[in-house]
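Printed here is work26.tsv (TSV, C-alpha atoms and all ligand atoms):
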chain	number	residue	atom	x	y	z
A	165	MET	CA	-15.33	44.48	60.49
A	166	VAL	CA	-16.16	47.57	58.43
A	167	GLY	CA	-18.67	45.53	56.49
A	168	VAL	CA	-20.40	44.32	59.66
A	169	ALA	CA	-20.42	47.86	61.13
A	170	GLY	CA	-21.87	49.17	57.88
A	171	ARG	CA	-24.64	46.59	57.95
A	172	LEU	CA	-25.38	47.38	61.60
A	173	ASP	CA	-25.61	51.09	60.75
A	174	LYS	CA	-28.08	50.24	58.02
A	175	ILE	CA	-30.21	48.07	60.31
A	176	LEU	CA	-30.24	50.80	62.98
A	177	HIS	CA	-31.13	53.41	60.39
A	178	ASN	CA	-34.03	51.30	59.11
A	179	MET	CA	-35.28	50.79	62.66
A	180	CYS	CA	-35.20	54.55	63.24
A	181	SER	CA	-36.92	55.35	59.95
A	182	ILE	CA	-39.84	53.05	60.79
A	183	HIS	CA	-39.99	53.68	64.54
A	184	HIS	CA	-41.34	57.20	64.14
A	185	LEU	CA	-44.52	55.72	62.61
A	186	LEU	CA	-45.29	53.96	65.89
A	187	GLN	CA	-44.58	57.17	67.78
A	188	ASN	CA	-46.83	59.12	65.37
A	189	ASN	CA	-49.54	56.55	66.07
A	190	ARG	CA	-49.33	57.07	69.83
A	191	ASP	CA	-49.46	60.86	69.36
A	192	TRP	CA	-52.45	60.57	67.01
A	193	ALA	CA	-54.38	58.24	69.34
A	194	GLN	CA	-53.76	60.59	72.24
A	195	SER	CA	-54.90	63.67	70.34
A	196	MET	CA	-58.07	61.83	69.22
A	197	ARG	CA	-58.81	60.84	72.81
A	198	GLU	CA	-58.30	64.43	73.93
A	199	SER	CA	-60.63	65.91	71.33
A	200	VAL	CA	-63.29	63.14	71.38
A	201	PRO	CA	-62.93	61.08	74.59
A	202	GLU	CA	-65.44	58.40	73.49
A	203	PHE	CA	-63.98	58.09	69.97
A	204	PHE	CA	-62.34	54.66	70.24
A	205	THR	CA	-64.97	53.16	72.55
A	206	LYS	CA	-67.71	54.10	70.08
A	207	LEU	CA	-65.87	53.04	66.92
A	208	SER	CA	-64.62	49.74	68.31
A	209	GLY	CA	-68.25	48.70	68.77
A	210	GLN	CA	-69.29	49.08	65.12
A	211	GLN	CA	-68.67	50.83	61.81
A	212	ASN	CA	-71.48	52.51	59.93
A	213	PRO	CA	-70.01	54.18	56.85
A	214	GLU	CA	-72.27	55.68	54.17
A	215	TYR	CA	-69.63	55.55	51.48
A	216	LEU	CA	-67.53	52.99	49.67
A	217	TRP	CA	-64.43	54.40	48.00
A	218	ILE	CA	-62.78	52.47	45.16
A	219	GLY	CA	-59.59	54.30	44.31
A	220	CYS	CA	-56.00	53.99	43.16
A	221	SER	CA	-53.28	52.74	45.54
A	222	ASP	CA	-51.22	55.88	44.76
A	223	SER	CA	-49.87	57.31	48.03
A	224	ARG	CA	-50.87	60.81	46.95
A	225	VAL	CA	-54.58	60.01	46.84
A	226	PRO	CA	-55.58	59.02	50.40
A	227	ALA	CA	-59.36	58.56	50.54
A	228	ASN	CA	-60.23	59.85	54.02
A	229	GLU	CA	-58.05	62.95	53.93
A	230	ILE	CA	-59.11	64.37	50.58
A	231	VAL	CA	-62.82	64.20	51.38
A	232	GLY	CA	-62.40	65.24	55.01
A	233	LEU	CA	-63.82	62.09	56.60
A	234	MET	CA	-62.88	60.48	59.90
A	235	PRO	CA	-62.14	56.81	60.59
A	236	GLY	CA	-65.44	54.95	60.50
A	237	GLU	CA	-66.99	57.17	57.83
A	238	ILE	CA	-65.74	55.61	54.58
A	239	PHE	CA	-65.11	51.99	53.55
A	240	VAL	CA	-62.12	51.77	51.24
A	241	HIS	CA	-60.77	49.53	48.50
A	242	ARG	CA	-57.69	50.56	46.55
A	243	ASN	CA	-55.66	48.94	43.82
A	244	VAL	CA	-53.38	50.06	41.00
A	245	GLY	CA	-55.49	52.07	38.56
A	246	ASN	CA	-58.80	51.80	40.52
A	247	VAL	CA	-59.79	48.77	38.48
A	248	VAL	CA	-63.08	46.92	39.01
A	249	SER	CA	-62.98	43.50	37.41
A	250	PRO	CA	-65.75	40.92	37.65
A	251	SER	CA	-63.08	38.26	38.24
A	252	ASP	CA	-61.39	40.11	41.14
A	253	LEU	CA	-62.73	38.41	44.26
A	254	ASN	CA	-60.98	40.94	46.47
A	255	CYS	CA	-62.80	43.95	45.01
A	256	LEU	CA	-66.09	42.07	44.69
A	257	SER	CA	-65.94	40.95	48.32
A	258	VAL	CA	-65.41	44.53	49.45
A	259	LEU	CA	-68.31	45.68	47.27
A	260	GLN	CA	-70.60	42.93	48.51
A	261	TYR	CA	-69.84	43.63	52.16
A	262	ALA	CA	-70.34	47.36	51.61
A	263	VAL	CA	-73.65	46.96	49.77
A	264	ASP	CA	-75.24	43.96	51.50
A	265	ILE	CA	-74.02	44.34	55.08
A	266	LEU	CA	-72.95	47.94	55.62
A	267	LYS	CA	-75.67	49.19	53.26
A	268	VAL	CA	-73.62	52.13	51.99
A	269	LYS	CA	-75.60	54.78	50.13
A	270	HIS	CA	-72.81	55.81	47.77
A	271	VAL	CA	-70.09	54.01	45.85
A	272	ILE	CA	-67.37	56.35	44.60
A	273	VAL	CA	-64.96	55.20	41.90
A	274	CYS	CA	-62.16	57.72	42.02
A	275	GLY	CA	-59.21	57.90	39.65
A	276	HIS	CA	-56.58	60.58	39.37
A	277	TYR	CA	-54.69	62.45	36.69
A	278	GLY	CA	-51.04	61.46	36.55
A	279	CYS	CA	-51.90	57.83	37.36
A	280	GLY	CA	-48.83	55.62	36.92
A	281	GLY	CA	-51.02	52.60	36.17
A	282	VAL	CA	-52.77	54.40	33.33
A	283	ARG	CA	-49.46	55.71	31.97
A	284	ALA	CA	-47.94	52.23	32.05
A	285	ALA	CA	-51.00	50.86	30.25
A	286	LEU	CA	-50.34	53.34	27.44
A	287	GLU	CA	-46.69	52.36	27.06
A	288	ASP	CA	-45.60	49.68	24.69
A	289	LYS	CA	-43.09	48.06	27.04
A	290	ARG	CA	-42.81	45.44	29.78
A	291	HIS	CA	-43.26	46.42	33.45
A	292	GLY	CA	-43.44	42.94	34.94
A	293	LEU	CA	-46.31	40.97	36.43
A	294	ILE	CA	-48.38	44.14	36.66
A	295	ASP	CA	-48.79	44.14	32.86
A	296	ASN	CA	-51.43	41.43	33.36
A	297	TRP	CA	-53.37	43.75	35.66
A	298	LEU	CA	-52.92	46.72	33.33
A	299	ARG	CA	-54.70	44.80	30.59
A	300	HIS	CA	-57.92	45.93	32.26
A	301	ILE	CA	-56.96	49.54	31.55
A	302	GLN	CA	-55.67	48.69	28.08
A	303	ALA	CA	-59.11	47.25	27.31
A	304	VAL	CA	-60.59	50.66	28.15
A	305	ALA	CA	-58.07	52.35	25.85
A	306	ARG	CA	-58.89	49.94	23.04
A	307	SER	CA	-62.63	50.48	23.35
A	308	SER	CA	-62.10	54.26	23.05
A	309	SER	CA	-59.24	54.14	20.57
A	310	ARG	CA	-60.98	56.39	18.05
A	311	GLU	CA	-61.28	59.24	20.57
A	312	LEU	CA	-57.83	58.69	22.08
A	313	THR	CA	-55.78	58.48	18.89
A	314	GLY	CA	-56.99	61.95	17.87
A	315	LEU	CA	-55.36	63.49	20.95
A	316	ALA	CA	-51.78	64.64	21.67
A	317	PRO	CA	-49.90	62.45	24.20
A	318	GLU	CA	-50.64	64.44	27.39
A	319	PRO	CA	-54.36	65.06	26.72
A	320	ARG	CA	-54.64	61.40	25.69
A	321	TYR	CA	-53.13	60.35	29.02
A	322	ASP	CA	-55.51	62.64	30.94
A	323	ARG	CA	-58.50	61.43	28.95
A	324	LEU	CA	-57.68	57.77	29.54
A	325	CYS	CA	-57.51	58.51	33.29
A	326	GLU	CA	-61.09	59.84	32.96
A	327	LEU	CA	-62.36	57.06	30.67
A	328	ASN	CA	-60.91	54.46	33.02
A	329	VAL	CA	-62.94	55.88	35.92
A	330	LEU	CA	-66.13	55.79	33.85
A	331	ALA	CA	-65.48	52.24	32.63
A	332	GLN	CA	-64.68	50.92	36.12
A	333	ARG	CA	-67.77	52.67	37.47
A	334	ARG	CA	-69.83	50.89	34.82
A	335	HIS	CA	-68.28	47.61	35.95
A	336	VAL	CA	-69.47	48.35	39.50
A	337	CYS	CA	-73.00	48.86	38.18
A	338	GLU	CA	-72.84	45.67	36.13
A	339	THR	CA	-71.94	43.44	39.09
A	340	THR	CA	-74.66	41.12	40.36
A	341	ILE	CA	-74.19	42.86	43.72
A	342	VAL	CA	-75.32	46.30	42.57
A	343	GLN	CA	-77.82	44.97	40.03
A	344	ASP	CA	-79.54	42.85	42.71
A	345	ALA	CA	-79.49	45.71	45.20
A	346	TRP	CA	-81.16	48.05	42.69
A	347	SER	CA	-83.69	45.35	41.76
A	348	ARG	CA	-84.82	45.05	45.37
A	349	GLY	CA	-85.11	48.83	45.67
A	350	GLN	CA	-81.99	49.53	47.72
A	351	GLU	CA	-80.80	53.09	47.19
A	352	ILE	CA	-77.24	53.22	45.93
A	353	SER	CA	-75.67	56.02	43.89
A	354	VAL	CA	-72.54	55.15	41.96
A	355	HIS	CA	-70.22	58.07	41.29
A	356	GLY	CA	-67.28	58.64	38.94
A	357	TRP	CA	-64.76	61.16	40.24
A	358	ILE	CA	-61.24	62.20	39.33
A	359	TYR	CA	-58.61	63.85	41.50
A	360	SER	CA	-56.02	66.38	40.43
A	361	LEU	CA	-52.60	65.93	42.05
A	362	LYS	CA	-51.81	69.51	41.00
A	363	ASP	CA	-54.44	71.33	43.07
A	364	GLY	CA	-56.01	68.64	45.28
A	365	HIS	CA	-59.44	69.11	43.72
A	366	LEU	CA	-61.94	66.36	42.95
A	367	LYS	CA	-64.11	66.58	39.85
A	368	GLU	CA	-67.34	64.73	39.13
A	369	LEU	CA	-67.04	63.21	35.63
A	370	SER	CA	-70.74	62.60	35.06
A	371	LYS	CA	-73.92	62.50	37.10
A	372	PRO	CA	-74.26	59.52	39.45
A	373	LEU	CA	-75.87	56.28	38.30
A	374	VAL	CA	-78.76	55.53	40.64
A	375	ASN	CA	-80.69	52.62	39.09
A	376	LEU	CA	-80.78	50.18	36.17
A	377	ARG	CA	-82.46	52.74	33.93
A	378	SER	CA	-79.79	55.39	34.46
A	379	LEU	CA	-77.14	52.81	33.59
A	380	GLU	CA	-78.92	51.91	30.36
A	381	GLU	CA	-79.34	55.60	29.43
A	382	VAL	CA	-75.64	56.23	29.81
A	383	PHE	CA	-74.88	53.12	27.78
A	384	GLN	CA	-77.03	54.37	24.92
A	385	ASN	CA	-75.64	57.92	24.99
A	386	CYS	CA	-71.96	57.18	25.38
A	387	ALA	CA	-69.95	54.01	25.06
A	388	SER	CA	-67.62	55.13	27.86
A	389	GLY	CA	-70.59	55.72	30.29
A	401	CO	CO	-52.92	55.80	40.09
Once you've parsed the file, please lay out its structure as structure tokens.
Ligand code: CO
Amino acid sequence: MVGVAGRLDKILHNMCSIHHLLQNNRDWAQSMRESVPEFFTKLSGQQNPEYLWIGCSDSRVPANEIVGLMPGEIFVHRNVGNVVSPSDLNCLSVLQYAVDILKVKHVIVCGHYGCGGVRAALEDKRHGLIDNWLRHIQAVARSSSRELTGLAPEPRYDRLCELNVLAQRRHVCETTIVQDAWSRGQEISVHGWIYSLKDGHLKELSKPLVNLRSLEEVFQNCASG
């Protein structure tokens, strides 16, 4: 009987620990309605965001909050390590919808210092299925191995977080989606930003890429572009 009672306690506890999310939701919806009465009516009709955010899944880096945007203002894709791979249909579909249909003006690839995905990519040990995904980040480390091996462990970790942003941003620019959009004269700026968990600040890693020429210039000047 003790075992059954224990299990029941656990089930009840789990119900309580999730139920407050639904209550939070009701409170949030009510406060939104009070401050902007037409908020949900307007937004349910259409979305018209100017920005696409490609960031890490890390719970400490929520896109909307850290750039002060409301629902409807930023289209978001997140995965472990903010990776952009030309074989990832999920990310490419988000990018295509954002560029071709929503016609966003800015694509922001945002990484963060202290990224668990980047740290795991640097470690020489098994983490499970995710190791296959982390190979994308390991490829970045390999291509910048000369710069990275000259650094102490912590600066190397920070620098790979930065280089990963720049590499994934380049992958965005190399997709047929962005290349075609630039070719037909559509204005899209592609940004590389990094977020500090320590002070909540975003930093721009290099100036935005705005057309095919700016991508080529960065390629020539710096392999990590
Ligand atoms: Co991360």
Nearby residues, ligand CO 401 (chain A), 6 Å, only C-alpha atoms and all ligand atoms, as a PyMOL selection string: chain A and resi 220+222+244-245+279-281
Go through A:Glu351, A:Val200, A:Asn328, A:His276 one by one, measure the shortest atom-to-atom distance of each to His300 in chain A using only C-alpha atoms, and give the residue with the smallest value. A:Asn328
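Residues surrounding Ile230 in chain A within 9 Å are A:Val225, A:Pro226, A:Ala227, A:Asn228, A:Gly232, A:Leu233, A:Gly364, A:His365, A:Leu366 [all atoms listed in the file; sequence separation below 2 positions excluded].
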Work out how far CA of His270 in chain A is from CA of Pro213 in chain A, in Å to one decimal. 9.6 Å
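When all atoms listed in the file are used to compute distances to Gln332 in chain A, the closest of the residues A:Ser249, A:Ser307, A:Thr313, A:Ser181 turns out to be A:Ser249.
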Just how far from CA of Asn243 in chain A is CA of Ser221 in chain A, in Å to one decimal? 4.8 Å
Using only C-alpha atoms, which protein or nucleic acid residues come within 8 Å of Pro372 in chain A? Drop anything in the same chain fewer than 3 positions from it, and give the result as number ranges by chain. A: 353-356
Report the distance between CA of Ala285 in chain A and CA of Leu298 in chain A in Å, rounded to one decimal place. 5.5 Å
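Minimum distance to Leu266 in chain A across A:Ile352, A:Cys325, A:Val168, A:Leu376 (counting only C-alpha atoms) occurs at A:Ile352.
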When you look at Thr340 in chain A with a cut-off of 10 Å (counting only C-alpha atoms), what residues show up, excluding the ones that are within fewer than 5 positions of it in the same chain? I need them as a ChimeraX atom specification. /A:250,256,260,345-346
Go through A:Phe204, A:Trp297, A:Tyr261, A:Tyr215 and flag the residue nearest Ile341 in chain A, using only C-alpha atoms for the distances. A:Tyr261
